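One file, target01.cif, is given below (mmCIF, C-alpha atoms (C1' of nucleotides)).
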data_run
loop_
_atom_site.label_atom_id
_atom_site.label_comp_id
_atom_site.auth_asym_id
_atom_site.auth_seq_id
_atom_site.Cartn_x
_atom_site.Cartn_y
_atom_site.Cartn_z
CA MET A 37 -14.76 -3.15 -15.07
CA GLN A 38 -16.87 -1.10 -17.40
CA GLN A 39 -15.18 2.12 -18.32
CA PRO A 40 -16.81 5.31 -19.57
CA ARG A 41 -15.64 7.02 -22.77
CA ALA A 42 -14.80 3.54 -24.00
CA GLN A 43 -13.06 3.50 -27.32
CA GLU A 44 -12.41 -0.18 -27.86
CA PRO A 45 -15.32 -1.69 -29.78
CA THR A 46 -15.67 -4.47 -27.21
CA GLU A 47 -16.41 -2.00 -24.42
CA ALA A 48 -19.67 -0.15 -24.09
CA ALA A 49 -20.37 2.99 -22.12
CA ASP A 50 -22.71 2.35 -19.22
CA PRO A 51 -25.15 5.14 -18.39
CA ALA A 52 -25.51 3.94 -14.80
CA TRP A 53 -21.81 4.51 -14.27
CA ASN A 54 -21.02 8.11 -15.04
CA ARG A 55 -17.91 8.51 -12.92
CA GLU A 56 -18.17 12.29 -13.09
CA ALA A 57 -21.57 12.44 -11.44
CA TRP A 58 -20.70 10.46 -8.32
CA LEU A 59 -18.72 11.02 -5.15
CA LEU A 60 -17.28 7.64 -4.25
CA GLU A 61 -15.74 8.47 -0.93
CA PRO A 62 -15.12 6.69 1.39
CA ASP A 63 -13.61 4.31 -1.14
CA SER A 64 -13.25 0.68 -0.06
CA VAL A 65 -10.12 0.02 -2.08
CA GLN A 66 -8.45 2.99 -0.48
CA ARG A 67 -9.56 2.07 3.02
CA ALA A 68 -8.18 -1.43 2.62
CA LEU A 69 -4.97 -0.11 1.15
CA ASP A 70 -4.55 2.23 4.11
CA VAL A 71 -4.09 -0.86 6.27
CA LEU A 72 -1.01 -1.82 4.25
CA VAL A 73 0.30 1.76 3.93
CA PRO A 74 2.80 3.02 5.05
CA ARG A 75 5.36 0.57 3.74
CA SER A 76 6.25 -0.64 7.21
CA ALA A 77 2.66 -1.73 7.82
CA GLY A 78 2.74 -3.87 4.69
CA GLN A 79 6.01 -5.42 5.79
CA VAL A 80 4.61 -6.35 9.17
CA VAL A 81 1.43 -7.89 7.73
CA ARG A 82 3.43 -9.84 5.16
CA GLU A 83 5.69 -11.23 7.89
CA ALA A 84 2.67 -12.15 9.98
CA PHE A 85 1.45 -14.24 7.02
CA TYR A 86 4.87 -15.88 6.82
CA GLY A 87 4.42 -16.99 10.41
CA THR A 88 6.36 -14.37 12.36
CA ARG A 89 4.88 -13.61 15.76
CA ARG A 90 7.48 -12.05 18.02
CA PHE A 91 8.82 -8.53 18.27
CA ASP A 92 12.43 -9.38 17.70
CA ASP A 93 11.65 -11.68 14.78
CA PHE A 94 9.59 -8.96 13.11
CA ARG A 95 12.46 -6.59 13.67
CA ARG A 96 15.05 -8.85 12.07
CA HIS A 97 12.86 -9.96 9.16
CA THR A 98 11.67 -6.48 8.24
CA GLY A 99 14.75 -4.45 9.17
CA LEU A 100 12.54 -1.89 10.89
CA THR A 101 13.88 0.00 13.88
CA PRO A 102 12.27 -0.71 17.27
CA GLY A 103 10.42 2.60 17.34
CA VAL A 104 8.80 2.18 13.94
CA LEU A 105 7.99 -1.48 14.53
CA SER A 106 6.48 -0.74 17.90
CA ALA A 107 4.25 1.94 16.41
CA ARG A 108 3.17 -0.34 13.57
CA LEU A 109 2.33 -3.27 15.84
CA ARG A 110 0.29 -0.91 18.00
CA ASP A 111 -1.58 0.40 14.95
CA LEU A 112 -2.30 -3.06 13.59
CA THR A 113 -3.51 -4.45 16.90
CA GLY A 114 -5.60 -1.31 17.32
CA GLN A 115 -7.20 -2.01 13.96
CA GLY A 116 -7.87 -5.60 14.92
CA ILE A 117 -5.57 -7.09 12.28
CA LEU A 118 -3.22 -8.52 14.90
CA THR A 119 -3.88 -9.53 18.46
CA LYS A 120 -1.55 -9.89 21.44
CA VAL A 121 -1.45 -13.40 22.90
CA ALA A 122 0.40 -14.27 26.09
CA TYR A 123 2.90 -17.13 26.03
CA HIS A 124 5.45 -18.47 28.42
CA ASP A 125 8.56 -20.26 27.19
CA THR A 126 10.00 -22.43 29.94
CA GLY A 127 13.00 -20.76 31.50
CA SER A 128 12.04 -17.23 30.60
CA ARG A 129 9.47 -14.75 31.77
CA GLY A 130 5.98 -14.51 30.36
CA ARG A 131 5.66 -12.38 27.27
CA HIS A 132 3.23 -11.93 24.44
CA GLU A 133 3.27 -12.40 20.72
CA TYR A 134 1.33 -10.93 17.82
CA ARG A 135 -0.98 -13.16 15.80
CA LEU A 136 -3.29 -12.54 12.89
CA THR A 137 -6.95 -12.25 13.79
CA ASP A 138 -9.73 -13.53 11.52
CA LYS A 139 -9.85 -10.03 10.06
CA GLY A 140 -6.13 -10.17 9.36
CA ARG A 141 -6.24 -13.71 7.97
CA ASP A 142 -9.00 -12.65 5.60
CA LEU A 143 -6.48 -10.43 3.82
CA ALA A 144 -5.05 -13.66 2.39
CA ALA A 145 -6.74 -13.29 -1.01
CA ALA A 146 -5.30 -9.80 -1.41
CA ILE A 147 -1.82 -10.83 -0.27
CA ILE A 148 -1.78 -13.88 -2.55
CA SER A 149 -3.04 -11.81 -5.49
CA LEU A 150 -0.23 -9.33 -4.95
CA LEU A 151 2.35 -12.10 -4.63
CA ASN A 152 1.17 -13.76 -7.85
CA TRP A 153 1.12 -10.43 -9.66
CA ALA A 154 4.70 -9.59 -8.70
CA ASP A 155 5.90 -13.08 -9.63
CA ARG A 156 4.36 -12.61 -13.08
CA TRP A 157 5.10 -8.96 -13.80
CA LEU A 158 8.12 -8.07 -11.69
CA PRO A 159 10.20 -11.22 -11.94
CA THR A 160 13.62 -11.24 -10.28
CA PRO A 161 16.71 -12.98 -11.71
CA GLY A 162 16.78 -15.64 -9.01
CA GLY A 163 13.07 -16.42 -9.19
CA PRO A 164 10.51 -16.07 -6.42
CA THR A 165 11.66 -16.37 -2.83
CA VAL A 166 8.38 -17.80 -1.60
CA VAL A 167 6.27 -20.43 -3.34
CA LEU A 168 2.76 -21.31 -2.24
CA THR A 169 1.35 -24.74 -2.99
CA HIS A 170 -1.81 -26.59 -2.09
CA HIS A 171 -1.07 -28.77 0.89
CA GLY A 172 -1.56 -32.34 -0.20
CA CYS A 173 -2.03 -31.85 -3.93
CA GLY A 174 1.08 -29.73 -4.39
CA ALA A 175 -0.28 -27.48 -7.14
CA ALA A 176 0.43 -23.75 -7.15
CA ILE A 177 -1.88 -21.42 -5.28
CA ARG A 178 -3.57 -18.61 -7.18
CA THR A 179 -6.62 -16.37 -6.91
CA GLU A 180 -9.52 -16.26 -9.28
CA ILE A 181 -12.18 -13.66 -9.94
CA ARG A 182 -15.67 -15.20 -9.87
CA CYS A 183 -19.21 -14.13 -9.27
CA ALA A 184 -21.48 -15.35 -6.51
CA HIS A 185 -23.08 -17.75 -9.00
CA ASP A 186 -19.60 -19.19 -9.59
CA HIS A 187 -19.24 -18.03 -13.16
CA PRO A 188 -15.61 -17.40 -14.01
CA VAL A 189 -14.69 -13.80 -14.87
CA ASP A 190 -11.99 -13.60 -17.48
CA SER A 191 -12.00 -9.97 -18.49
CA LEU A 192 -12.71 -6.63 -16.89
CA GLY A 193 -15.48 -6.21 -19.43
CA ASP A 194 -17.47 -8.91 -17.61
CA ILE A 195 -17.54 -6.76 -14.51
CA GLN A 196 -20.17 -4.12 -14.03
CA ALA A 197 -19.15 -1.37 -11.61
CA ALA A 198 -22.04 0.69 -10.27
CA PRO A 199 -22.43 3.25 -7.50
CA GLY A 200 -23.55 1.59 -4.26
CA PRO A 201 -25.79 2.81 -1.44
CA GLY A 202 -22.94 4.84 0.10
CA ALA A 203 -22.32 6.86 -3.05
CA SER A 204 -23.70 10.39 -3.29
CA LEU A 205 -24.28 12.68 -6.23
CA ARG A 206 -21.58 15.28 -6.73
CA ASP A 207 -22.51 18.90 -5.88
CA MET B 115 -0.19 -20.63 5.15
CA GLN B 116 1.73 -22.98 7.34
CA GLN B 117 3.14 -21.24 10.33
CA PRO B 118 6.07 -22.32 12.51
CA ARG B 119 5.74 -22.60 16.28
CA ALA B 120 2.13 -23.53 15.64
CA GLN B 121 0.11 -23.94 18.75
CA GLU B 122 -3.34 -24.70 17.44
CA PRO B 123 -3.79 -28.46 17.14
CA THR B 124 -4.94 -28.11 13.51
CA GLU B 125 -1.65 -26.54 12.43
CA ALA B 126 1.57 -28.49 12.11
CA ALA B 127 5.10 -27.14 12.04
CA ASP B 128 6.72 -27.68 8.66
CA PRO B 129 10.46 -28.45 8.73
CA ALA B 130 10.89 -27.15 5.16
CA TRP B 131 9.69 -23.76 6.27
CA ASN B 132 11.92 -22.52 9.03
CA ARG B 133 11.41 -18.81 8.64
CA GLU B 134 14.52 -18.04 10.67
CA ALA B 135 16.86 -19.86 8.32
CA TRP B 136 15.88 -18.06 5.12
CA LEU B 137 16.41 -14.65 3.62
CA LEU B 138 13.28 -13.95 1.61
CA GLU B 139 14.29 -10.72 -0.06
CA PRO B 140 13.33 -9.50 -2.59
CA ASP B 141 9.83 -10.29 -1.37
CA SER B 142 7.10 -10.43 -4.01
CA VAL B 143 4.33 -9.19 -1.75
CA GLN B 144 6.40 -6.17 -0.87
CA ARG B 145 7.40 -5.47 -4.45
CA ALA B 146 3.77 -5.55 -5.54
CA LEU B 147 2.74 -3.39 -2.62
CA ASP B 148 5.39 -0.84 -3.56
CA VAL B 149 3.41 -0.17 -6.74
CA LEU B 150 0.44 0.96 -4.62
CA VAL B 151 2.55 2.86 -2.07
CA PRO B 152 2.67 5.81 -1.40
CA ARG B 153 -0.99 6.45 -0.81
CA SER B 154 -1.28 8.67 -3.87
CA ALA B 155 -0.15 5.82 -6.14
CA GLY B 156 -2.93 3.62 -4.82
CA GLN B 157 -5.44 6.40 -5.39
CA VAL B 158 -4.37 6.81 -9.00
CA VAL B 159 -4.49 3.08 -9.73
CA ARG B 160 -7.90 2.78 -8.11
CA GLU B 161 -9.23 5.65 -10.24
CA ALA B 162 -7.77 4.08 -13.35
CA PHE B 163 -9.82 0.95 -12.55
CA TYR B 164 -12.90 3.11 -12.11
CA GLY B 165 -12.37 4.38 -15.66
CA THR B 166 -10.59 7.69 -15.15
CA ARG B 167 -8.13 8.52 -17.88
CA ARG B 168 -7.39 12.23 -17.97
CA PHE B 169 -5.18 14.42 -15.85
CA ASP B 170 -7.83 16.77 -14.64
CA ASP B 171 -10.27 13.98 -13.85
CA PHE B 172 -7.63 12.18 -11.80
CA ARG B 173 -6.95 15.44 -10.02
CA ARG B 174 -10.58 16.04 -9.11
CA HIS B 175 -11.37 12.45 -8.17
CA THR B 176 -8.31 11.95 -6.00
CA GLY B 177 -7.91 15.46 -4.63
CA LEU B 178 -4.19 15.31 -5.33
CA THR B 179 -2.35 18.50 -6.21
CA PRO B 180 -0.97 18.79 -9.76
CA GLY B 181 2.60 18.27 -8.66
CA VAL B 182 1.96 15.06 -6.77
CA LEU B 183 -0.38 13.70 -9.45
CA SER B 184 2.10 14.48 -12.18
CA ALA B 185 4.86 12.64 -10.32
CA ARG B 186 2.63 9.63 -9.68
CA LEU B 187 1.47 9.36 -13.29
CA ARG B 188 5.09 9.52 -14.40
CA ASP B 189 6.05 6.76 -11.94
CA LEU B 190 3.18 4.51 -12.97
CA THR B 191 3.77 4.90 -16.69
CA GLY B 192 7.48 4.33 -16.05
CA GLN B 193 6.58 1.08 -14.33
CA GLY B 194 4.36 0.05 -17.21
CA ILE B 195 1.15 0.08 -15.18
CA LEU B 196 -0.30 2.95 -17.21
CA THR B 197 0.40 4.02 -20.75
CA LYS B 198 -0.05 7.38 -22.49
CA VAL B 199 -2.45 7.27 -25.43
CA ALA B 200 -3.01 10.20 -27.79
CA TYR B 201 -6.56 11.39 -28.37
CA HIS B 202 -8.08 14.34 -30.10
CA ASP B 203 -11.46 15.71 -29.04
CA THR B 204 -13.00 17.72 -31.88
CA GLY B 205 -12.58 21.41 -31.23
CA SER B 206 -9.59 21.15 -28.97
CA ARG B 207 -5.95 20.38 -29.44
CA GLY B 208 -4.52 16.87 -29.37
CA ARG B 209 -3.66 15.57 -25.94
CA HIS B 210 -3.03 12.24 -24.31
CA GLU B 211 -4.70 10.19 -21.65
CA TYR B 212 -3.54 7.48 -19.26
CA ARG B 213 -4.82 3.96 -19.64
CA LEU B 214 -4.17 0.74 -17.80
CA THR B 215 -1.81 -1.65 -19.57
CA ASP B 216 -2.21 -5.44 -19.39
CA LYS B 217 0.17 -5.34 -16.45
CA GLY B 218 -2.02 -2.77 -14.75
CA ARG B 219 -5.26 -4.56 -15.56
CA ASP B 220 -3.83 -7.74 -14.07
CA LEU B 221 -3.90 -6.05 -10.67
CA ALA B 222 -7.67 -6.55 -10.79
CA ALA B 223 -7.67 -9.60 -8.53
CA ALA B 224 -5.72 -7.70 -5.88
CA ILE B 225 -7.90 -4.60 -6.16
CA ILE B 226 -11.10 -6.61 -5.96
CA SER B 227 -9.80 -8.61 -2.99
CA LEU B 228 -9.04 -5.38 -1.17
CA LEU B 229 -12.43 -3.91 -2.03
CA ASN B 230 -14.24 -7.02 -0.79
CA TRP B 231 -12.16 -7.09 2.37
CA ALA B 232 -12.95 -3.47 3.25
CA ASP B 233 -16.63 -3.98 2.53
CA ARG B 234 -16.64 -6.91 4.96
CA TRP B 235 -14.33 -5.69 7.72
CA LEU B 236 -14.41 -1.90 7.53
CA PRO B 237 -18.07 -1.24 6.75
CA THR B 238 -19.22 2.36 6.59
CA PRO B 239 -22.62 3.62 7.81
CA GLY B 240 -23.88 4.37 4.30
CA GLY B 241 -22.75 1.07 2.80
CA PRO B 242 -20.27 0.57 -0.03
CA THR B 243 -19.89 3.33 -2.60
CA VAL B 244 -19.00 0.93 -5.41
CA VAL B 245 -20.63 -2.41 -6.13
CA LEU B 246 -19.21 -4.89 -8.62
CA THR B 247 -21.52 -7.37 -10.32
CA HIS B 248 -21.16 -9.95 -13.05
CA HIS B 249 -22.27 -8.37 -16.28
CA GLY B 250 -25.24 -10.36 -17.50
CA CYS B 251 -25.85 -12.58 -14.48
CA GLY B 252 -25.84 -9.72 -11.97
CA ALA B 253 -24.28 -11.64 -9.08
CA ALA B 254 -21.66 -10.02 -6.85
CA ILE B 255 -18.00 -10.24 -7.85
CA ARG B 256 -15.55 -11.80 -5.43
CA THR B 257 -12.14 -13.48 -5.47
CA GLU B 258 -11.41 -17.03 -4.53
CA ILE B 259 -8.22 -18.79 -3.53
CA ARG B 260 -7.70 -21.97 -5.56
CA CYS B 261 -4.88 -24.22 -6.63
CA ALA B 262 -3.81 -24.91 -10.18
CA HIS B 263 -5.77 -28.19 -10.02
CA ASP B 264 -8.83 -26.10 -9.18
CA HIS B 265 -9.29 -27.37 -5.66
CA PRO B 266 -10.86 -24.73 -3.46
CA VAL B 267 -8.72 -23.46 -0.59
CA ASP B 268 -10.76 -22.64 2.47
CA SER B 269 -8.19 -22.16 5.17
CA LEU B 270 -4.63 -20.94 5.45
CA GLY B 271 -3.75 -24.40 6.73
CA ASP B 272 -4.33 -25.77 3.23
CA ILE B 273 -1.54 -23.58 1.90
CA GLN B 274 2.05 -24.71 2.06
CA ALA B 275 4.55 -21.85 1.98
CA ALA B 276 8.07 -22.89 1.04
CA PRO B 277 11.24 -21.02 0.12
CA GLY B 278 11.54 -20.66 -3.65
CA PRO B 279 14.58 -20.63 -5.97
CA GLY B 280 15.28 -16.98 -5.16
CA ALA B 281 15.57 -17.58 -1.42
CA SER B 282 18.99 -17.82 0.17
CA LEU B 283 20.14 -19.22 3.48
CA ARG B 284 20.74 -16.61 6.15
CA ASP B 285 24.42 -15.97 7.07
"C1'" DG C 93 24.08 -9.08 42.48
"C1'" DT C 94 25.57 -9.07 38.01
"C1'" DT C 95 24.57 -10.57 33.50
"C1'" DC C 96 21.64 -12.04 29.70
"C1'" DT C 97 17.53 -11.83 26.90
"C1'" DG C 98 13.25 -10.25 24.93
"C1'" DG C 99 10.57 -6.44 24.34
"C1'" DG C 100 10.25 -2.45 24.14
"C1'" DT C 101 10.71 3.53 24.99
"C1'" DA C 102 13.29 8.03 24.12
"C1'" DT C 103 15.79 11.30 21.41
"C1'" DG C 104 17.48 13.33 17.27
"C1'" DG C 105 18.03 14.01 12.58
"C1'" DT C 106 16.93 13.32 7.48
"C1'" DT C 107 14.22 12.48 3.71
"C1'" DC C 108 9.98 12.18 1.43
"C1'" DA C 109 5.09 12.86 0.69
"C1'" DC C 110 1.84 16.03 0.37
"C1'" DG C 111 -0.89 20.49 0.33
"C1'" DG C 112 -1.27 25.28 -1.39
"C1'" DT C 113 -0.59 28.38 -4.78
"C1'" DA C 114 1.29 30.59 -8.66
"C1'" DC C 115 2.88 30.23 -13.13
"C1'" DT C 116 3.49 28.30 -17.97
"C1'" DC C 117 2.46 26.65 -22.45
"C1'" DA C 118 -0.06 25.19 -26.59
"C1'" DG C 119 -3.69 25.48 -29.37
"C1'" DC C 120 -8.59 26.58 -30.61
"C1'" DC C 121 -12.20 30.17 -30.43
"C1'" DG C 122 -14.28 34.49 -30.90
"C1'" DC D 61 -5.57 39.89 -30.49
"C1'" DG D 62 -7.00 38.24 -26.04
"C1'" DG D 63 -9.17 34.68 -23.49
"C1'" DC D 64 -10.27 29.96 -22.36
"C1'" DT D 65 -9.06 25.09 -21.45
"C1'" DG D 66 -6.35 21.03 -20.38
"C1'" DA D 67 -2.13 19.65 -18.89
"C1'" DG D 68 1.14 20.27 -16.65
"C1'" DT D 69 5.82 22.74 -13.92
"C1'" DA D 70 7.91 25.45 -10.02
"C1'" DC D 71 8.40 26.72 -5.41
"C1'" DC D 72 7.53 26.62 -0.63
"C1'" DG D 73 6.10 24.96 3.87
"C1'" DT D 74 4.57 21.23 7.00
"C1'" DG D 75 4.33 16.84 8.90
"C1'" DA D 76 4.90 11.91 8.57
"C1'" DA D 77 7.86 8.13 7.99
"C1'" DC D 78 11.97 6.38 8.72
"C1'" DC D 79 16.81 5.44 10.48
"C1'" DA D 80 20.42 5.20 14.05
"C1'" DT D 81 21.45 4.90 18.47
"C1'" DA D 82 21.03 4.87 23.29
"C1'" DC D 83 18.62 3.56 27.01
"C1'" DC D 84 15.22 0.89 30.16
"C1'" DC D 85 12.92 -2.82 32.51
"C1'" DA D 86 11.48 -7.54 34.13
"C1'" DG D 87 12.62 -11.78 35.22
"C1'" DA D 88 15.49 -15.90 34.94
"C1'" DA D 89 20.27 -17.68 35.14
"C1'" DC D 90 24.74 -17.84 37.06
#

Mind converting the file's structure to structure tokens?
Amino acid sequence: MQQPRAQEPTEAADPAWNREAWLLEPDSVQRALDVLVPRSAGQVVREAFYGTRRFDDFRRHTGLTPGVLSARLRDLTGQGILTKVAYHDTGSRGRHEYRLTDKGRDLAAAIISLLNWADRWLPTPGGPTVVLTHHGCGAAIRTEIRCAHDHPVDSLGDIQAAPGPGASLRD
Amino acid sequence: MQQPRAQEPTEAADPAWNREAWLLEPDSVQRALDVLVPRSAGQVVREAFYGTRRFDDFRRHTGLTPGVLSARLRDLTGQGILTKVAYHDTGSRGRHEYRLTDKGRDLAAAIISLLNWADRWLPTPGGPTVVLTHHGCGAAIRTEIRCAHDHPVDSLGDIQAAPGPGASLRD
DNA sequence: GTTCTGGGTATGGTTCACGGTACTCAGCCG
DNA sequence: CGGCTGAGTACCGTGAACCATACCCAGAAC
């Protein structure tokens, strides 16, 4: 993204983007991040992507205590990230499980980006614990930054950040 | 991603991915998320992407108190996301500013994915406050999930999640 | 009717994040 | 010399997040 006060010769200051002049709240990055914060919320969403659906499975996989997990599942269903679906295993009473909604599933690009980033920049001795591949072709899954015209974006300098309709002038 | 206990006809249970059998810690998604948690860390990283570099600017843009901001900047430089660079404005003493490192800049795909997600699913009355476009072509910036062979990935069902080398069998 | 299981609620305590405010410290400026 | 500015540090209070543990409740199984 274009940065003001640029000092590298390859970057140029953009008069339309004077960060000081604009109030950028509510910020979309922050609002999205608030879905995955606190830590326990991120853990629950991650597990949902790994296929976990039931209370006790969430509890064992995340290590959260019942109280915290219960609160988090309530929050996330309240936000429409998860939804409660009834099921009935034969030989036990009817219960319900938590599944990702379309809204939740659409976090995939963010989750995958984070997973790729950690695999690259925070490697662990044993290697990654989860590997994502393209079903059928078997190649690794990754995310790519592109524009709506499908041009690839290789550097932050190719991205123009500008105040949108929701931005207001400071003071 | 493939999910066990799948009930939709389009999903199929994958015997290689029995979530119950595997211990997936340390989890890459969680480790990446921990860089952006607590909330104040996410705010600082977001501002860094918006071009903020100096202590007082971070303080005003994020609303964080000096103590919290100071701690967060120390954490993030310690993790190699930001780096301190000396500068010297004429007429004032030499100081230093905080810039994104390559490691920090590589969070771009995650940040952009989150921004796009919030713009789609958590719209605000006034519209987005920040709009990203492709410099030159002007089209909107977005992220895309692809495989290493460049096949597009349109649904989670196209993604195969499998335990990696770092995973261990439970008990 | 007692037990088992899944899915929670209730209570209590600790740590951490954060806000508010005051203070410091170094150098340039007048 | 005293004041101003940018960049912090120090201290204190509050609330949120989290953990541990105990308990509860419905229905099926025995």

re CA of Gly162 (chain A) and CA of Gly278 (chain B): distance 9.0 Å

Using all atoms listed in the file, select each residue of chain B with any atom at most 6 Å away from an atom of chain A, and give the selection as a PyMOL selection string. chain B and resi 117-118+138+142-143+146+165+223-224+227-229+232+240-249+253-262+272-281

What are the closest atom pairs, with distances in Å to one decimal, for each residue of region 46-109 of chain A lying within 10 Å of region 78-85 of chain D, using all atoms listed in the file, rows by chain and rising residue number, as a tab-separated table?
residue	atom	partner	partner_atom	distance
A:Ser76	CA	D:DC78	C1'	9.2
A:Leu100	CA	D:DC79	C1'	8.5
A:Thr101	CA	D:DC79	C1'	7.1
A:Gly103	CA	D:DC78	C1'	9.5
A:Val104	CA	D:DC78	C1'	7.4

Given the selection you just returned, output its residues as a file containing C-alpha atoms, formatted as a JSON list (two decimals), in the coordinates of the input.
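Dumped to out32.json:
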[["chain", "number", "residue", "atom", "x", "y", "z"],
["A", 76, "SER", "CA", 6.25, -0.64, 7.21],
["A", 100, "LEU", "CA", 12.54, -1.89, 10.89],
["A", 101, "THR", "CA", 13.88, 0.00, 13.88],
["A", 103, "GLY", "CA", 10.42, 2.60, 17.34],
["A", 104, "VAL", "CA", 8.80, 2.18, 13.94]]

Quick one: distance from C1' of DG112 (chain C) to C1' of DC72 (chain D) in Å, one decimal? 8.9 Å

For chain A, list the residues within 8 Å of chain C, counting only C-alpha atoms (C1' of nucleotides), and write the list as a VMD selection string. chain A and resid 91 to 92 102 to 103 106

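Note that CA of Leu118 (chain A) and CA of Leu105 (chain A) are 13.2 Å apart.
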
Find the nearest atom pair between each residue of chain A and chain D for residues within 7 Å, count all atoms listed in the file, give distances in Å to one decimal, sort rows by chain and ascending number, and present the table as JSON lines.
{"residue": "A:Gly127", "atom": "CA", "partner": "D:DA88", "partner_atom": "C1'", "distance": 6.5}
{"residue": "A:Ser128", "atom": "CA", "partner": "D:DA88", "partner_atom": "C1'", "distance": 5.7}
{"residue": "A:Arg129", "atom": "CA", "partner": "D:DG87", "partner_atom": "C1'", "distance": 5.5}

Coordinates of box centre and edge lengths for region 97-103 of chain C, 3 Å on every side, axis-aligned, as JSON:
{"center_x": 13.9, "center_y": -0.3, "center_z": 24.2, "size_x": 13.3, "size_y": 29.1, "size_z": 11.5}

Starting from the structure just given, write a file holding region 168-173 of chain A with all heavy atoms, as an mmCIF file, in the first residue's frame.
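Result file selection.cif:
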data_model
loop_
_atom_site.group_PDB
_atom_site.id
_atom_site.type_symbol
_atom_site.label_atom_id
_atom_site.label_comp_id
_atom_site.auth_asym_id
_atom_site.auth_seq_id
_atom_site.Cartn_x
_atom_site.Cartn_y
_atom_site.Cartn_z
ATOM 1 N N LEU A 168 -2.624 -28.044 3.599
ATOM 2 C CA LEU A 168 -3.790 -27.916 2.724
ATOM 3 C C LEU A 168 -3.365 -28.152 1.280
ATOM 4 O O LEU A 168 -2.403 -27.557 0.803
ATOM 5 C CB LEU A 168 -4.389 -26.514 2.850
ATOM 6 C CG LEU A 168 -4.764 -26.046 4.255
ATOM 7 C CD1 LEU A 168 -5.365 -24.636 4.203
ATOM 8 C CD2 LEU A 168 -5.736 -27.009 4.914
ATOM 9 N N THR A 169 -4.082 -29.023 0.598
ATOM 10 C CA THR A 169 -3.769 -29.269 -0.815
ATOM 11 C C THR A 169 -5.039 -29.189 -1.639
ATOM 12 O O THR A 169 -6.155 -29.322 -1.115
ATOM 13 C CB THR A 169 -3.143 -30.659 -1.013
ATOM 14 O OG1 THR A 169 -3.975 -31.633 -0.385
ATOM 15 C CG2 THR A 169 -1.749 -30.725 -0.410
ATOM 16 N N HIS A 170 -4.846 -28.967 -2.926
ATOM 17 C CA HIS A 170 -5.994 -28.896 -3.836
ATOM 18 C C HIS A 170 -6.494 -30.304 -4.082
ATOM 19 O O HIS A 170 -5.755 -31.166 -4.557
ATOM 20 C CB HIS A 170 -5.572 -28.228 -5.155
ATOM 21 C CG HIS A 170 -6.725 -27.941 -6.055
ATOM 22 N ND1 HIS A 170 -6.575 -27.656 -7.380
ATOM 23 C CD2 HIS A 170 -8.047 -27.880 -5.799
ATOM 24 C CE1 HIS A 170 -7.780 -27.441 -7.918
ATOM 25 N NE2 HIS A 170 -8.672 -27.568 -6.974
ATOM 26 N N HIS A 171 -7.728 -30.534 -3.753
ATOM 27 C CA HIS A 171 -8.339 -31.840 -3.914
ATOM 28 C C HIS A 171 -8.310 -32.221 -5.387
ATOM 29 O O HIS A 171 -8.794 -31.502 -6.228
ATOM 30 C CB HIS A 171 -9.781 -31.778 -3.415
ATOM 31 C CG HIS A 171 -10.400 -33.109 -3.217
ATOM 32 N ND1 HIS A 171 -11.226 -33.690 -4.116
ATOM 33 C CD2 HIS A 171 -10.285 -33.978 -2.184
ATOM 34 C CE1 HIS A 171 -11.623 -34.870 -3.656
ATOM 35 N NE2 HIS A 171 -11.067 -35.059 -2.471
ATOM 36 N N GLY A 172 -7.695 -33.336 -5.669
ATOM 37 C CA GLY A 172 -7.604 -33.758 -7.066
ATOM 38 C C GLY A 172 -6.217 -33.503 -7.600
ATOM 39 O O GLY A 172 -5.485 -34.440 -7.912
ATOM 40 N N CYS A 173 -5.786 -32.249 -7.652
ATOM 41 C CA CYS A 173 -4.470 -31.965 -8.234
ATOM 42 C C CYS A 173 -3.345 -32.110 -7.217
ATOM 43 O O CYS A 173 -2.203 -32.357 -7.582
ATOM 44 C CB CYS A 173 -4.462 -30.586 -8.903
ATOM 45 S SG CYS A 173 -3.394 -29.344 -8.189
#
